[in-house]
Protein chains: 2
Amino acid sequence: MPLSPPDTLKPRKAPRQTRAAVTLDAIFEATIQVLLSEGERRLTTTRVAERAGVSVGTMYQYYPHKQALLYAVLQSHLTHISAAIEAACLTARGQGVTHMGELLVQTFLDTKIERLDVTKALYLIAEDLDTRSLLAATTERNVAAAASMLATASDARFENVQAVAFTLFSAIAGSTRIVFERGVSLPALKELRRELTLMCRSYLLNASLSAVASAERAHSVS
Amino acid sequence: MPLSPPDTLKPRKAPRQTRAAVTLDAIFEATIQVLLSEGERRLTTTRVAERAGVSVGTMYQYYPHKQALLYAVLQSHLTHISAAIEAACLTARGQGVTHMGELLVQTFLDTKIERLDVTKALYLIAEDLDTRSLLAATTERNVAAAASMLATASDARFENVQAVAFTLFSAIAGSTRIVFERGVSLPALKELRRELTLMCRSYLLNASLSAVASAERAHSVS
DNA sequence: CTAAGATATGAAGAATTCTTCAGTTTAGGG
DNA sequence: CCCTAAACTGAAGAATTCTTCATATCTTAG
């Protein structure tokens with residue numbers, strides 16, 4: 001479900017020729033670079049165009065205004081990630097929850113790191129009011145993929161898979177963001193992956209229905 | 001540690017008279033309201049002043065520019081939260097990790113909800129490059145408080161308390177943010193609290209040193 | 001090779017925003 | 001009550017940014 005943008009944010013036209021596609025790529029890339037080097041406040045259409053090596057007018061041929069461009073850049077990245085998650089979730093159907101949790105963490109982190117600059121740049125514009133619905137829809141999509149996978153787990157059954165999937169996803173995406181925003185070092189990354197994996201595994205095992213009984217038993221003892 | 005702002009973001013002067021303090025309060029409040037109703041892009045000094053019922057010049061008496069104002073607003077909120085967390089952490093020393101986890105989740109959520117409008121508004125400006133160090137320092141402070149508490153747990157010992165505390169905090173703060181940004185409903189909140197509590201408890205119990213052995217045993221069986 | 005459509009240009013007007021400061025008003029100690 | 005420091009005002013200049021469009025250049029089907 002690629003979710004078409006609201007009318008105001010729709011592109012004016014799609015590139016027909018190859019060179020136009022190349023130009024658009026350059027503009028996307030320039031957007032990222034300007035965001036990283038200048039910050040959101042100094043992200044202007046002129047600066048982007050200059051960095052992309054094209055004229056401002058060119059961008060306005062494809063997008064009616066800056067917002068629409070940003071929306072497109074963000075959407076492209078989010079779609080990429082969701083696709084990766086969906087693919088991964090399909091491979092793990094019927095497996096145990098430990099494997100599933102590990103896979104989710106792994107896939108999410110790998111995809112984010114793959115284009116670390118894009119990831120970091122987009123955190124800077126993700127809050128924009130215009131992008132709210134886009135973010136919400138993406139979350140929806142990722143949660144659906146995870147939930148559908150979790151429902152097939154060989155060693156667990158959940159009362160509310162949707163809620164579990166959502167919690168899992170929030171925790172992964174949320175803490176990843178916090179770590180990435182403070183600046184990622186290799187050791188920090190390894191630690192994040194390790195702890196996040198552990199956290200997901202623990203949570204999934206405990207959220208499973210069979211675990212509820214034993215947990216309550218344990219609790220009433222103390 | 002209130003962390004003094006970098007030179008460029010320092011206030012020009014502090015209010016001396018009561019009315020000045022009142023004015024500043026109004027300006028802070030107006031900043032939040034404008035952020036919520038207009039978004040970051042349309043947050044201008046003039047609009048803030050207008051909403052606060054004062055003249056633009058007034059704001060510039062206290063802050064050299066918009067950035068400094070935003071920094072102050074953000075700092076005030078973050079400080080408030082950190083203080084609450086630190087206080088809570090002190091009350092739980094020597095208790096079990098289940099209680100500790102629950103307390104952290106509870107305190108964090110309660111404090112965020114207490115001023116939900118402020119929380120939501122500040123998410124909109126938290127990404128600013130200028131606020132990076134502020135966010136980092138705050139995280140530091142919260143993690144330190146949590147770590148110090150966890151080290152006294154009656155029923156667990158951790159190899160790396162710092163890492164555990166950090167993971168815990170990231171998961172809580174990160175998923176809270178994701179939930180709050182998509183819009184908070186009462187049921188969504190209750191679910192967040194419930195699942196987050198469960199997740200923290202599971203994680204803490206499993207991250208404890210005594211758990212490592214049993215986990216490895218369980219793993220080698222399958 | 002050529003015409004039509006696609007793409008690119010960039011100067012310039014409109015709009016918005018930031019920030020200052022000279023002058024006015026207010027508070028509160030003596 | 002008076003005086004000084006503090007607080008407040010808001011018009012206006014400087015700076016930045018957005019967006020358009022008339023014009024020029026390129027691509028490619030036929």
# chains A, B, ... in the order shown; residues from 1 in each chain; ligands from 1
call {"tool": "residues_around", "arguments": {"residues": "region 129-145 of chain A", "least_positions_apart": "2", "cutoff": "7 Å", "atoms": "only C-alpha atoms (C1' of nucleotides)", "output": "PDB file with C-alpha atoms, in the first residue's frame"}}
result
ATOM      1  CA  TYR A  71       7.260  14.328   1.642  1.00  0.00           C
ATOM      2  CA  LEU A  78       9.923   4.659   4.656  1.00  0.00           C
ATOM      3  CA  SER A  82       8.618  -1.341   5.224  1.00  0.00           C
ATOM      4  CA  ILE A  85      10.383  -5.690   7.083  1.00  0.00           C
ATOM      5  CA  GLU A  86       7.524  -7.307   5.235  1.00  0.00           C
ATOM      6  CA  CYS A  89       8.450 -11.313   8.318  1.00  0.00           C
ATOM      7  CA  ALA A 126       9.857  13.587  10.402  1.00  0.00           C
ATOM      8  CA  GLU A 127       7.973  15.750  12.910  1.00  0.00           C
ATOM      9  CA  ALA A 147       1.480  -9.124  13.814  1.00  0.00           C
ATOM     10  CA  SER A 148       0.767 -11.448  10.943  1.00  0.00           C
ATOM     11  CA  MET A 149       4.100 -13.152  11.557  1.00  0.00           C
ATOM     12  CA  ALA A 165       3.388  -6.162  17.548  1.00  0.00           C
ATOM     13  CA  PHE A 166       2.843  -2.478  18.073  1.00  0.00           C
ATOM     14  CA  PHE A 169       7.799  -2.071  16.891  1.00  0.00           C
TER      15      PHE A 169
ATOM     16  CA  GLY B  39       3.558  23.863  13.500  1.00  0.00           C
ATOM     17  CA  ARG B 182       0.212   9.517  16.449  1.00  0.00           C
TER      18      ARG B 182
END
call {"tool": "interface_residues", "arguments": {"of": "chain B", "to": "chain A", "cutoff": "6 Å", "atoms": "only C-alpha atoms", "output": "short mmCIF file (atom, residue, chain, number, x, y, z; two decimals) with N, CA, C and O atoms, in the first residue's frame"}}
result
data_model
loop_
_atom_site.label_atom_id
_atom_site.label_comp_id
_atom_site.auth_asym_id
_atom_site.auth_seq_id
_atom_site.Cartn_x
_atom_site.Cartn_y
_atom_site.Cartn_z
N LEU B 124 8.09 18.60 18.45
CA LEU B 124 8.22 19.26 17.15
C LEU B 124 9.54 20.01 16.99
O LEU B 124 9.96 20.30 15.88
N GLU B 127 14.29 18.06 17.44
CA GLU B 127 15.32 17.57 16.51
C GLU B 127 16.35 18.61 16.15
O GLU B 127 17.38 18.30 15.56
N SER B 170 15.65 4.16 26.76
CA SER B 170 15.39 4.36 25.33
C SER B 170 14.07 3.74 24.92
O SER B 170 13.29 4.35 24.17
N ALA B 171 13.84 2.54 25.39
CA ALA B 171 12.60 1.86 25.01
C ALA B 171 11.39 2.63 25.53
O ALA B 171 10.42 2.84 24.81
N GLY B 174 11.36 6.17 23.76
CA GLY B 174 11.14 6.01 22.33
C GLY B 174 9.73 5.60 21.99
O GLY B 174 9.10 6.20 21.12
N SER B 175 9.22 4.59 22.68
CA SER B 175 7.88 4.17 22.30
C SER B 175 6.83 5.16 22.77
O SER B 175 5.82 5.36 22.11
N MET B 199 7.05 -5.26 29.31
CA MET B 199 8.31 -5.34 28.58
C MET B 199 9.51 -5.05 29.49
O MET B 199 10.51 -5.76 29.48
N SER B 202 10.05 -7.98 31.99
CA SER B 202 10.64 -9.14 31.32
C SER B 202 12.12 -8.91 31.05
O SER B 202 12.97 -9.76 31.31
N TYR B 203 12.39 -7.73 30.53
CA TYR B 203 13.77 -7.41 30.16
C TYR B 203 14.68 -7.42 31.38
O TYR B 203 15.75 -8.04 31.38
#
call {"tool": "residues_around", "arguments": {"residues": "DA22 (chain C)", "least_positions_apart": "4", "cutoff": "12 Å", "atoms": "only C-alpha atoms (C1' of nucleotides)", "output": "list of chain:residue names"}}
result
D:DT9, D:DG10, D:DA11
call {"tool": "interface_residues", "arguments": {"of": "chain B", "to": "chain D", "cutoff": "10 Å", "atoms": "only C-alpha atoms (C1' of nucleotides)", "output": "PyMOL selection string"}}
result
chain B and resi 15-17+19-20+23+54-59+61
call {"tool": "interface_residues", "arguments": {"of": "chain C", "to": "chain A", "cutoff": "10 Å", "atoms": "only C-alpha atoms (C1' of nucleotides)", "output": "PyMOL selection string"}}
result
chain C and resi 6-10
call {"tool": "residues_around", "arguments": {"residues": "Ser208 (chain B)", "least_positions_apart": "4", "cutoff": "9 Å", "atoms": "only C-alpha atoms (C1' of nucleotides)", "output": "PDB file with N, CA, C and O atoms, in the first residue's frame"}}
result
ATOM      1  N   ASP B 155      16.773  -8.322  43.819  1.00  0.00           N
ATOM      2  CA  ASP B 155      16.634  -9.621  43.167  1.00  0.00           C
ATOM      3  C   ASP B 155      17.347  -9.745  41.835  1.00  0.00           C
ATOM      4  O   ASP B 155      17.005 -10.599  41.009  1.00  0.00           O
ATOM      5  N   ALA B 156      18.314  -8.873  41.597  1.00  0.00           N
ATOM      6  CA  ALA B 156      19.027  -8.959  40.318  1.00  0.00           C
ATOM      7  C   ALA B 156      20.392  -8.295  40.417  1.00  0.00           C
ATOM      8  O   ALA B 156      20.597  -7.392  41.238  1.00  0.00           O
ATOM      9  N   ARG B 157      21.301  -8.771  39.596  1.00  0.00           N
ATOM     10  CA  ARG B 157      22.611  -8.112  39.483  1.00  0.00           C
ATOM     11  C   ARG B 157      22.934  -8.034  38.003  1.00  0.00           C
ATOM     12  O   ARG B 157      22.714  -9.008  37.270  1.00  0.00           O
ATOM     13  N   PHE B 158      23.468  -6.907  37.582  1.00  0.00           N
ATOM     14  CA  PHE B 158      23.691  -6.719  36.154  1.00  0.00           C
ATOM     15  C   PHE B 158      25.175  -6.593  35.839  1.00  0.00           C
ATOM     16  O   PHE B 158      25.933  -5.979  36.606  1.00  0.00           O
ATOM     17  N   GLU B 159      25.540  -7.142  34.707  1.00  0.00           N
ATOM     18  CA  GLU B 159      26.943  -7.054  34.294  1.00  0.00           C
ATOM     19  C   GLU B 159      27.271  -5.612  33.929  1.00  0.00           C
ATOM     20  O   GLU B 159      28.343  -5.118  34.231  1.00  0.00           O
ATOM     21  N   TYR B 203      12.386  -7.727  30.528  1.00  0.00           N
ATOM     22  CA  TYR B 203      13.768  -7.414  30.163  1.00  0.00           C
ATOM     23  C   TYR B 203      14.677  -7.422  31.384  1.00  0.00           C
ATOM     24  O   TYR B 203      15.751  -8.041  31.378  1.00  0.00           O
ATOM     25  N   LEU B 204      14.240  -6.783  32.430  1.00  0.00           N
ATOM     26  CA  LEU B 204      15.087  -6.694  33.625  1.00  0.00           C
ATOM     27  C   LEU B 204      15.361  -8.069  34.214  1.00  0.00           C
ATOM     28  O   LEU B 204      16.491  -8.386  34.599  1.00  0.00           O
ATOM     29  N   VAL B 212      21.094 -15.245  33.017  1.00  0.00           N
ATOM     30  CA  VAL B 212      21.905 -15.615  31.869  1.00  0.00           C
ATOM     31  C   VAL B 212      22.114 -17.120  31.813  1.00  0.00           C
ATOM     32  O   VAL B 212      21.920 -17.761  30.784  1.00  0.00           O
TER      33      VAL B 212
END
call {"tool": "select_by_dssp", "arguments": {"residues": "region 48-142 of chain A", "states": "alpha helix (DSSP H)", "output": "MDAnalysis selection string"}}
result
chainID A and resid 48:52 56:62 66:91 97:114 116:123 132:142
call {"tool": "atom_distance", "arguments": {"atom1": "CA of Leu186 (chain B)", "atom2": "CA of Ile113 (chain B)"}}
result
10.9 Å
call {"tool": "decode", "arguments": {"residues": "region 9-22 of chain C", "atoms": "N, CA, C and O atoms (P, O5', C5', C4', C3', O3' and C1' of nucleotides)", "output": "mmCIF file, in the first residue's frame"}}
result
data_model
loop_
_atom_site.group_PDB
_atom_site.id
_atom_site.type_symbol
_atom_site.label_atom_id
_atom_site.label_comp_id
_atom_site.auth_asym_id
_atom_site.auth_seq_id
_atom_site.Cartn_x
_atom_site.Cartn_y
_atom_site.Cartn_z
ATOM 1 P P DT C 9 19.696 23.266 -15.082
ATOM 2 O "O5'" DT C 9 19.335 24.745 -15.503
ATOM 3 C "C5'" DT C 9 19.751 25.218 -16.790
ATOM 4 C "C4'" DT C 9 19.363 26.663 -16.932
ATOM 5 C "C3'" DT C 9 19.647 27.507 -15.686
ATOM 6 O "O3'" DT C 9 20.523 28.551 -16.052
ATOM 7 C "C1'" DT C 9 17.436 27.883 -16.522
ATOM 8 P P DG C 10 21.577 29.026 -14.981
ATOM 9 O "O5'" DG C 10 20.888 30.351 -14.453
ATOM 10 C "C5'" DG C 10 20.403 31.310 -15.396
ATOM 11 C "C4'" DG C 10 19.492 32.281 -14.672
ATOM 12 C "C3'" DG C 10 19.903 32.554 -13.215
ATOM 13 O "O3'" DG C 10 19.566 33.908 -12.918
ATOM 14 C "C1'" DG C 10 17.729 31.770 -13.261
ATOM 15 P P DA C 11 20.723 34.958 -12.701
ATOM 16 O "O5'" DA C 11 20.014 36.307 -13.102
ATOM 17 C "C5'" DA C 11 19.464 36.464 -14.418
ATOM 18 C "C4'" DA C 11 18.116 37.154 -14.319
ATOM 19 C "C3'" DA C 11 18.071 38.292 -13.295
ATOM 20 O "O3'" DA C 11 17.254 39.329 -13.838
ATOM 21 C "C1'" DA C 11 16.471 36.624 -12.711
ATOM 22 P P DA C 12 16.887 40.620 -13.047
ATOM 23 O "O5'" DA C 12 15.526 40.224 -12.343
ATOM 24 C "C5'" DA C 12 14.349 40.045 -13.119
ATOM 25 C "C4'" DA C 12 13.178 39.952 -12.164
ATOM 26 C "C3'" DA C 12 13.218 40.993 -11.044
ATOM 27 O "O3'" DA C 12 11.888 41.371 -10.753
ATOM 28 C "C1'" DA C 12 13.144 38.875 -10.102
ATOM 29 P P DG C 13 11.515 42.793 -10.258
ATOM 30 O "O5'" DG C 13 10.058 42.550 -9.676
ATOM 31 C "C5'" DG C 13 9.110 41.819 -10.457
ATOM 32 C "C4'" DG C 13 8.166 41.091 -9.526
ATOM 33 C "C3'" DG C 13 7.682 41.951 -8.359
ATOM 34 O "O3'" DG C 13 6.303 41.687 -8.159
ATOM 35 C "C1'" DG C 13 8.801 40.017 -7.532
ATOM 36 P P DA C 14 5.521 42.409 -7.005
ATOM 37 O "O5'" DA C 14 5.290 41.196 -6.005
ATOM 38 C "C5'" DA C 14 4.802 39.940 -6.502
ATOM 39 C "C4'" DA C 14 4.582 39.027 -5.310
ATOM 40 C "C3'" DA C 14 3.989 39.745 -4.103
ATOM 41 O "O3'" DA C 14 3.009 38.893 -3.516
ATOM 42 C "C1'" DA C 14 6.093 38.795 -3.525
ATOM 43 P P DA C 15 2.215 39.391 -2.231
ATOM 44 O "O5'" DA C 15 2.950 38.534 -1.108
ATOM 45 C "C5'" DA C 15 3.254 37.173 -1.357
ATOM 46 C "C4'" DA C 15 4.070 36.651 -0.218
ATOM 47 C "C3'" DA C 15 3.611 37.179 1.147
ATOM 48 O "O3'" DA C 15 3.265 36.069 1.954
ATOM 49 C "C1'" DA C 15 5.980 37.381 0.894
ATOM 50 P P DT C 16 2.654 36.371 3.384
ATOM 51 O "O5'" DT C 16 3.868 35.907 4.297
ATOM 52 C "C5'" DT C 16 4.673 34.816 3.870
ATOM 53 C "C4'" DT C 16 5.956 34.834 4.638
ATOM 54 C "C3'" DT C 16 5.804 35.101 6.138
ATOM 55 O "O3'" DT C 16 6.271 33.946 6.806
ATOM 56 C "C1'" DT C 16 7.608 36.317 5.224
ATOM 57 P P DT C 17 6.071 33.830 8.355
ATOM 58 O "O5'" DT C 17 7.506 34.261 8.886
ATOM 59 C "C5'" DT C 17 8.670 33.728 8.290
ATOM 60 C "C4'" DT C 17 9.872 34.457 8.829
ATOM 61 C "C3'" DT C 17 9.783 34.785 10.327
ATOM 62 O "O3'" DT C 17 10.761 34.013 11.008
ATOM 63 C "C1'" DT C 17 10.616 36.620 9.054
ATOM 64 P P DC C 18 11.064 34.331 12.547
ATOM 65 O "O5'" DC C 18 12.248 35.392 12.420
ATOM 66 C "C5'" DC C 18 13.384 35.035 11.648
ATOM 67 C "C4'" DC C 18 14.474 36.075 11.836
ATOM 68 C "C3'" DC C 18 14.792 36.380 13.301
ATOM 69 O "O3'" DC C 18 16.206 36.384 13.467
ATOM 70 C "C1'" DC C 18 14.177 38.370 12.140
ATOM 71 P P DT C 19 16.785 36.376 14.948
ATOM 72 O "O5'" DT C 19 16.922 37.918 15.271
ATOM 73 C "C5'" DT C 19 17.746 38.703 14.407
ATOM 74 C "C4'" DT C 19 17.555 40.159 14.711
ATOM 75 C "C3'" DT C 19 17.642 40.534 16.193
ATOM 76 O "O3'" DT C 19 18.899 41.146 16.373
ATOM 77 C "C1'" DT C 19 15.911 41.726 15.036
ATOM 78 P P DT C 20 19.287 41.891 17.744
ATOM 79 O "O5'" DT C 20 18.967 43.418 17.418
ATOM 80 C "C5'" DT C 20 19.320 43.915 16.131
ATOM 81 C "C4'" DT C 20 18.883 45.360 15.990
ATOM 82 C "C3'" DT C 20 19.173 46.233 17.210
ATOM 83 O "O3'" DT C 20 19.722 47.459 16.744
ATOM 84 C "C1'" DT C 20 16.886 46.379 16.636
ATOM 85 P P DC C 21 20.677 48.291 17.719
ATOM 86 O "O5'" DC C 21 19.788 49.547 18.059
ATOM 87 C "C5'" DC C 21 18.978 50.153 17.037
ATOM 88 C "C4'" DC C 21 18.006 51.107 17.684
ATOM 89 C "C3'" DC C 21 18.464 51.661 19.038
ATOM 90 O "O3'" DC C 21 17.987 52.998 19.153
ATOM 91 C "C1'" DC C 21 16.430 50.555 19.331
ATOM 92 P P DA C 22 19.052 54.196 19.217
ATOM 93 O "O5'" DA C 22 18.090 55.451 19.179
ATOM 94 C "C5'" DA C 22 17.148 55.595 18.095
ATOM 95 C "C4'" DA C 22 15.798 55.992 18.648
ATOM 96 C "C3'" DA C 22 15.853 57.012 19.784
ATOM 97 O "O3'" DA C 22 14.787 57.931 19.613
ATOM 98 C "C1'" DA C 22 14.721 55.081 20.530
#
